[in-house]
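For reference, the structure is listed below as structure tokens.
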Amino acid sequence: MTPSDREATGLLTRPDDLVRLLDATGRRHANPEFDPWVADVDVDALVDLHREMVVVRRLDAEATALQRQGELALWPPLAGQEAAQIGSARALHDDDFVFSSYREHAIAWLRGVRPDELLSVWRGAAASGWDPYEKRMAIPNIIIGAQSLHAVGWAMGAKWEASSAASIAYFGDGATSEGDVNEALVFASSFDAPVVFFCQNNGWAISEPVGLQSKQPLARRADGFGMPGIRVDGNDVLAVLAVTRWALDRARRGEGPAFIEAVTYRMGPHTTADDPKRYRTDDDLAEWRERDPITRLHAFLAASGADMEAVDADAKAAADRAAAELRAGITAIPDPEPMSVFDHVYAEPNSHLERQRDRYARYLAMFDESAEGAR
Amino acid sequence: MTTITFGKAINEGLRRALADDDTVVLMGEDIGTLGGVFRITDGLKAEFGEHRVVDTPLSEAGIVGTAVGLAYRGFRPVVEIQFDGFVYPAFDQIVAQVAKLHYRSRGTVRMPMVIRIPFGGGIGAAEHHSESPEAYFTHTAGLRVIACSNPADAYVMIRQAIASDDPVVFLEPKRRYHVKGEVDLEANLADARPMGVATTVAAGDDVTLVTYGALVQTAKDAATAAAEDDVSIEVIDLRSLAPVDYATIEASVRRTGRLVVAHEAGEQGGVGAEIAASITERCFDFLEAAPVRVTGHDIPYPPAKLEQYHLPDLDRILDGVDRALGRPNSLSEVDA
Ligand SMILES: Cc1ncc(C[n+]2csc(CCOP(=O)(O)OP(=O)(O)O)c2C)c(N)n1
Ligand SMILES: [Mg+2]
């Protein structure tokens, strides 16, 4: 059965309800609208989702540690948002295209980005880490909200070229206040662009609670832009997978954009430079720890009769492998050559920059000569 | 006199302005409860309340645009842009509205707004966190552009900027935030040096070195180093980038006959280009060499591990000084 008839679509603008298939204890709740979207998810698929969440949590912890050791300049942790990211990224097809902000490490991981490619930017060693065309994922954006417009433009093009691919824009709760995000929603709607707006509402924009950005569930905004809005438990990987599949499917079928608000929580600091104690209490954290995305899938797997020893051993082995790859990768990232500051500014030869490059090379050469002279 | 950091000096200046004038309001992202990502507004929300120190939704156009409306009502908004690279979403409001409203309203509407921007590099930050956007603003008629370099100036100049009836883009060299200096917290604005006037921070006879922001300290260090080589550098801290205090620079160049301008921003269309051209026009007969610019490259700000190859440092400034003096330098062969 495909639940993608228009009638169902119409029913889905119900942003006040939270779509949840697995509750915090891991109990499965029936949902007639969304169950069909994950009907194919068998135990093996659940084990895969569990493993990937464990892996990205580990990568995140390793990266945070590397920052503390001075190997990275900065790191924005994803801790707490594993289900929102793994669930949505697992819904993507290979030919779909991701436009993200800076915290979507798990998305990158599932798009096949290697740890060293992910870390080189945060090490301050490179302007970007991977080829966006190869990974089907754009260069992450630090400018809040900017990528949402890019996702829409990509989707407009996909539609005009009669491609069956869709794009997905990841952004945060804070980003919904930026003009770019609102303009993206207008364009997407106006052109029926095959794009999914995936908002991770993690409760905070640095120190600002989501209540400062919106007086109502963010998903409700979608209605005003003329697209369905849906609120999903962002710590329920199964529900996230289901709603993202639904949204991508209708986009691919020409029914236009949709807005997903994944309600989750930023368990860590905004970045390693942030001190959340200045603006929130541990009580909030404790509450959200109860809703841990990995624990609940783990409980559901156990209840489903999976061999949990094997599940845990497999996840741990995968996390160990990824962590080892990450640690080996970080030291292998080369420090950039001084003269590479001039690389890639323009696609075509540029006489002004070439002159500047030449003069700077002469300047640097002066030090080589004096070093030689001193020897 | 008290010894406080640059950041604390701005904090004290803001505190004083909030206390002295009820129409002053601070707006920005994370400036209230958190006290700003650099803690420049630390404690001010607790002291003055959430209607004076306002955490805004995450939108720079929203912040500056609503500040325009507040200014229409007679408020003196002081907005914080979290980092230099995040000012661009507000660029339209700044350039098309803030800068032009006095003109467009034939002088009836005042825009006494201060737009505080931590600017410049040298802190190993991620992209968009180290930029020097000053030339966009100096190019825009209707804006005053200020870049302070030390705690004492910061304390006075932020208050002068707030007191100004013209909109001021107030650039704070973020890598100097933690540097300490003596500040007279009792300082009266009436006695203070006007913010449009430059300061000669080191006297010298051989060459005039003009800079601003974080590079003022580098320039002073360069002057000290050059003195050992019997080269006497006069260092001018520009303080105001628009308008420029040409009287101070001219008087110096007429004595030294040589000009070097240094800044972190790129060379093309930069503040240095403007000063070099203006001084050439005004002091042509006194110049003994072409003005020299020592600047960042004309590239997007590079990744942290490359910033040392982008930012002018002491050696690059001295190389520029050598060039102005006709001493051996990196471009001797090119110039010959
Ligand atoms: C245009 C712009 N303004 C400000 C910032 C500084 N900044 C970086 S992250 C952030 C908060 C973003 O919050 P949210 O959109 O909820 O994403 P999250 O960090 O929670 O993933 C801010 C204000 C920025 N990067 N870009
Ligand atoms: Mg957030």
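Chain identifiers are assigned as A, B, and so on, following the order in which chains appear in the structure tokens; residues are numbered from 1 within each chain, and ligands are numbered from 1 in order of appearance.
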
Open item on the list: 8 Å from ligand 2 is the threshold here; counting only C-alpha atoms and all ligand atoms, which polymer residues fall inside it? Answer as a PyMOL selection string.
Closed with: chain A and resi 172-175+200-206+210+266

Same residues, N, CA and C atoms, saved as a PDB file, in the first residue's frame:
```pdb
ATOM      1  N   GLY A 172      18.154  25.132  11.613  1.00  0.00           N
ATOM      2  CA  GLY A 172      17.757  25.041  13.012  1.00  0.00           C
ATOM      3  C   GLY A 172      16.540  25.880  13.338  1.00  0.00           C
ATOM      4  N   ASP A 173      16.125  25.791  14.583  1.00  0.00           N
ATOM      5  CA  ASP A 173      14.991  26.588  15.045  1.00  0.00           C
ATOM      6  C   ASP A 173      15.315  28.080  14.962  1.00  0.00           C
ATOM      7  N   GLY A 174      16.530  28.439  15.314  1.00  0.00           N
ATOM      8  CA  GLY A 174      16.915  29.847  15.246  1.00  0.00           C
ATOM      9  C   GLY A 174      16.851  30.373  13.823  1.00  0.00           C
ATOM     10  N   ALA A 175      17.254  29.518  12.899  1.00  0.00           N
ATOM     11  CA  ALA A 175      17.316  29.929  11.491  1.00  0.00           C
ATOM     12  C   ALA A 175      15.961  30.353  10.950  1.00  0.00           C
ATOM     13  N   GLN A 200      15.569  21.170  12.424  1.00  0.00           N
ATOM     14  CA  GLN A 200      15.842  20.511  13.703  1.00  0.00           C
ATOM     15  C   GLN A 200      15.627  21.541  14.803  1.00  0.00           C
ATOM     16  N   ASN A 201      14.510  21.418  15.456  1.00  0.00           N
ATOM     17  CA  ASN A 201      14.246  22.297  16.592  1.00  0.00           C
ATOM     18  C   ASN A 201      14.881  21.644  17.819  1.00  0.00           C
ATOM     19  N   ASN A 202      16.108  22.096  18.101  1.00  0.00           N
ATOM     20  CA  ASN A 202      16.826  21.507  19.245  1.00  0.00           C
ATOM     21  C   ASN A 202      16.687  22.395  20.485  1.00  0.00           C
ATOM     22  N   GLY A 203      15.709  23.267  20.455  1.00  0.00           N
ATOM     23  CA  GLY A 203      15.390  24.043  21.655  1.00  0.00           C
ATOM     24  C   GLY A 203      16.176  25.322  21.814  1.00  0.00           C
ATOM     25  N   TRP A 204      17.329  25.403  21.156  1.00  0.00           N
ATOM     26  CA  TRP A 204      18.214  26.533  21.407  1.00  0.00           C
ATOM     27  C   TRP A 204      18.880  27.060  20.149  1.00  0.00           C
ATOM     28  N   ALA A 205      19.056  28.360  20.118  1.00  0.00           N
ATOM     29  CA  ALA A 205      19.932  29.017  19.149  1.00  0.00           C
ATOM     30  C   ALA A 205      21.001  29.698  20.012  1.00  0.00           C
ATOM     31  N   ILE A 206      22.120  29.044  20.137  1.00  0.00           N
ATOM     32  CA  ILE A 206      23.131  29.391  21.153  1.00  0.00           C
ATOM     33  C   ILE A 206      22.408  29.539  22.487  1.00  0.00           C
ATOM     34  N   VAL A 210      13.904  28.517  21.938  1.00  0.00           N
ATOM     35  CA  VAL A 210      13.096  28.582  20.715  1.00  0.00           C
ATOM     36  C   VAL A 210      11.892  29.507  20.881  1.00  0.00           C
ATOM     37  N   ARG A 266      19.472  19.874  21.896  1.00  0.00           N
ATOM     38  CA  ARG A 266      20.928  19.981  21.808  1.00  0.00           C
ATOM     39  C   ARG A 266      21.483  19.640  23.187  1.00  0.00           C
TER      40      ARG A 266
END
```

- [ ] Define the interface residues of chain B facing chain A as those within 8 Å, counting only C-alpha atoms, and report them as an MDAnalysis selection string.
- [x] chainID B and resid 29:30 33:34 37 55:62 86 124:128 297:300 302:306 309:310 330:331

Open item on the list: Here is a test: counting only C-alpha atoms and all ligand atoms, which residue of A:Ala84, A:Leu119, A:Ala155, A:Leu110 is nearest to ligand 1?
Closed with: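 Using only C-alpha atoms and all ligand atoms, ligand 1 sits closest to A:Ala84.
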
Open item on the list: When you count only C-alpha atoms and all ligand atoms, which of these residues is closest to ligand 1: A:Thr64, A:Ser163, A:Ser88, A:Thr264?
Closed with: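 Smallest separation from ligand 1 among the options: A:Thr264.
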
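Look at A:Ile139: the protein and nucleic acid residues within 9 Å of it, using only C-alpha atoms and passing over chain neighbours fewer than 2 places away, are A:Phe99, A:Ser100, A:Ser101, A:Ser128, A:Gly129, A:Trp130, A:Asp131, A:Pro132, A:Met137, A:Asn141.
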
Open item on the list: If we count only C-alpha atoms and set the cut-off at 8 Å, which residues sit around stretch 314-322 of chain B, ignoring sequence neighbours fewer than 3 positions away in its own chain? Please answer as a ChimeraX atom specification.
Closed with: /B:207,209,218-219,221-222,226,260,262,292-294,325-330

I need the residues from that last selection saved to file as a compact mmCIF listing (two decimals), in the first residue's frame (with C-alpha atoms), if you can.
```txt
# COMPACT_ATOMS: atom_id res chain seq x y z
CA VAL B 207 57.91 57.53 7.55
CA LEU B 209 52.51 54.62 9.22
CA THR B 218 51.51 45.72 15.54
CA ALA B 219 52.47 49.09 14.06
CA ASP B 221 55.82 47.16 17.75
CA ALA B 222 57.13 47.72 14.23
CA ALA B 226 62.65 49.84 13.39
CA VAL B 260 52.52 53.46 4.60
CA ALA B 262 48.26 48.99 6.81
CA VAL B 292 52.67 51.92 0.16
CA ARG B 293 49.80 49.69 1.20
CA VAL B 294 50.33 46.67 3.44
CA LEU B 325 62.16 54.31 2.35
CA GLY B 326 63.77 52.80 -0.73
CA ARG B 327 65.65 50.30 1.39
CA PRO B 328 66.10 46.70 0.24
CA ASN B 329 62.73 44.98 0.40
CA SER B 330 60.78 42.10 -1.10
```

Considering only C-alpha atoms, return as a CSV table (one decimal) with N, CA, C and O atoms, in the first residue's frame whatever protein or nucleic-acid residues lie within 10 Å of B:Arg258, sequence-local ones (same chain, fewer than 4 positions apart) excluded.
```
chain,number,residue,atom,x,y,z
B,205,ASP,N,60.2,60.5,12.4
B,205,ASP,CA,60.5,61.4,11.3
B,205,ASP,C,60.7,60.9,9.9
B,205,ASP,O,60.6,61.6,9.0
B,206,ASP,N,60.9,59.5,9.8
B,206,ASP,CA,61.2,59.0,8.5
B,206,ASP,C,60.1,58.6,7.7
B,206,ASP,O,60.1,58.7,6.4
B,207,VAL,N,59.0,58.1,8.3
B,207,VAL,CA,57.9,57.5,7.5
B,207,VAL,C,56.7,57.6,8.4
B,207,VAL,O,56.7,57.4,9.6
B,208,THR,N,55.5,57.9,7.8
B,208,THR,CA,54.2,57.9,8.5
B,208,THR,C,53.5,56.6,8.2
B,208,THR,O,53.3,56.2,7.1
B,209,LEU,N,53.2,55.9,9.3
B,209,LEU,CA,52.5,54.6,9.2
B,209,LEU,C,51.1,54.8,9.8
B,209,LEU,O,50.9,55.0,11.0
B,233,ILE,N,59.7,55.7,12.8
B,233,ILE,CA,58.4,55.6,12.2
B,233,ILE,C,57.4,56.4,13.1
B,233,ILE,O,57.4,56.3,14.3
B,252,SER,N,51.8,65.0,9.3
B,252,SER,CA,52.8,64.0,9.5
B,252,SER,C,53.6,63.8,8.2
B,252,SER,O,54.8,63.8,8.1
B,253,VAL,N,52.8,63.6,7.1
B,253,VAL,CA,53.5,63.2,5.8
B,253,VAL,C,54.3,64.4,5.3
B,253,VAL,O,55.3,64.2,4.6
B,254,ARG,N,53.8,65.6,5.6
B,254,ARG,CA,54.6,66.8,5.1
B,254,ARG,C,56.0,66.8,5.8
B,254,ARG,O,57.0,67.3,5.2
B,286,PHE,N,55.2,67.0,-1.4
B,286,PHE,CA,56.0,66.6,-0.2
B,286,PHE,C,56.4,65.2,-0.2
B,286,PHE,O,57.2,64.7,0.6
B,287,LEU,N,55.8,64.4,-1.1
B,287,LEU,CA,56.1,62.9,-1.1
B,287,LEU,C,57.4,62.6,-1.7
B,287,LEU,O,57.7,63.1,-2.8
B,288,GLU,N,58.2,61.8,-1.1
B,288,GLU,CA,59.5,61.4,-1.6
B,288,GLU,C,59.4,60.0,-2.2
B,288,GLU,O,60.4,59.5,-2.8
B,289,ALA,N,58.3,59.3,-2.0
B,289,ALA,CA,58.1,58.0,-2.5
B,289,ALA,C,56.6,57.8,-2.7
B,289,ALA,O,55.8,58.5,-2.1
B,290,ALA,N,56.3,56.8,-3.5
B,290,ALA,CA,54.8,56.5,-3.7
B,290,ALA,C,54.3,55.9,-2.4
B,290,ALA,O,55.0,55.2,-1.7
B,291,PRO,N,53.1,56.2,-2.0
B,291,PRO,CA,52.5,55.6,-0.8
B,291,PRO,C,52.5,54.1,-1.0
B,291,PRO,O,52.4,53.6,-2.1
B,292,VAL,N,52.6,53.4,0.2
B,292,VAL,CA,52.7,51.9,0.2
B,292,VAL,C,51.5,51.4,1.0
B,292,VAL,O,51.2,51.9,2.1
B,321,VAL,N,57.6,49.4,5.0
B,321,VAL,CA,58.3,50.6,5.5
B,321,VAL,C,59.6,50.7,4.7
B,321,VAL,O,60.0,51.8,4.2
B,323,ARG,N,60.1,49.6,1.8
B,323,ARG,CA,59.8,50.0,0.4
B,323,ARG,C,59.6,51.5,0.3
B,323,ARG,O,60.1,52.1,-0.6
B,324,ALA,N,58.9,52.0,1.3
B,324,ALA,CA,58.6,53.5,1.3
B,324,ALA,C,59.9,54.2,1.4
B,324,ALA,O,60.1,55.4,0.9
B,325,LEU,N,60.9,53.6,2.1
B,325,LEU,CA,62.2,54.3,2.4
B,325,LEU,C,63.2,54.0,1.3
B,325,LEU,O,64.3,54.5,1.3
```
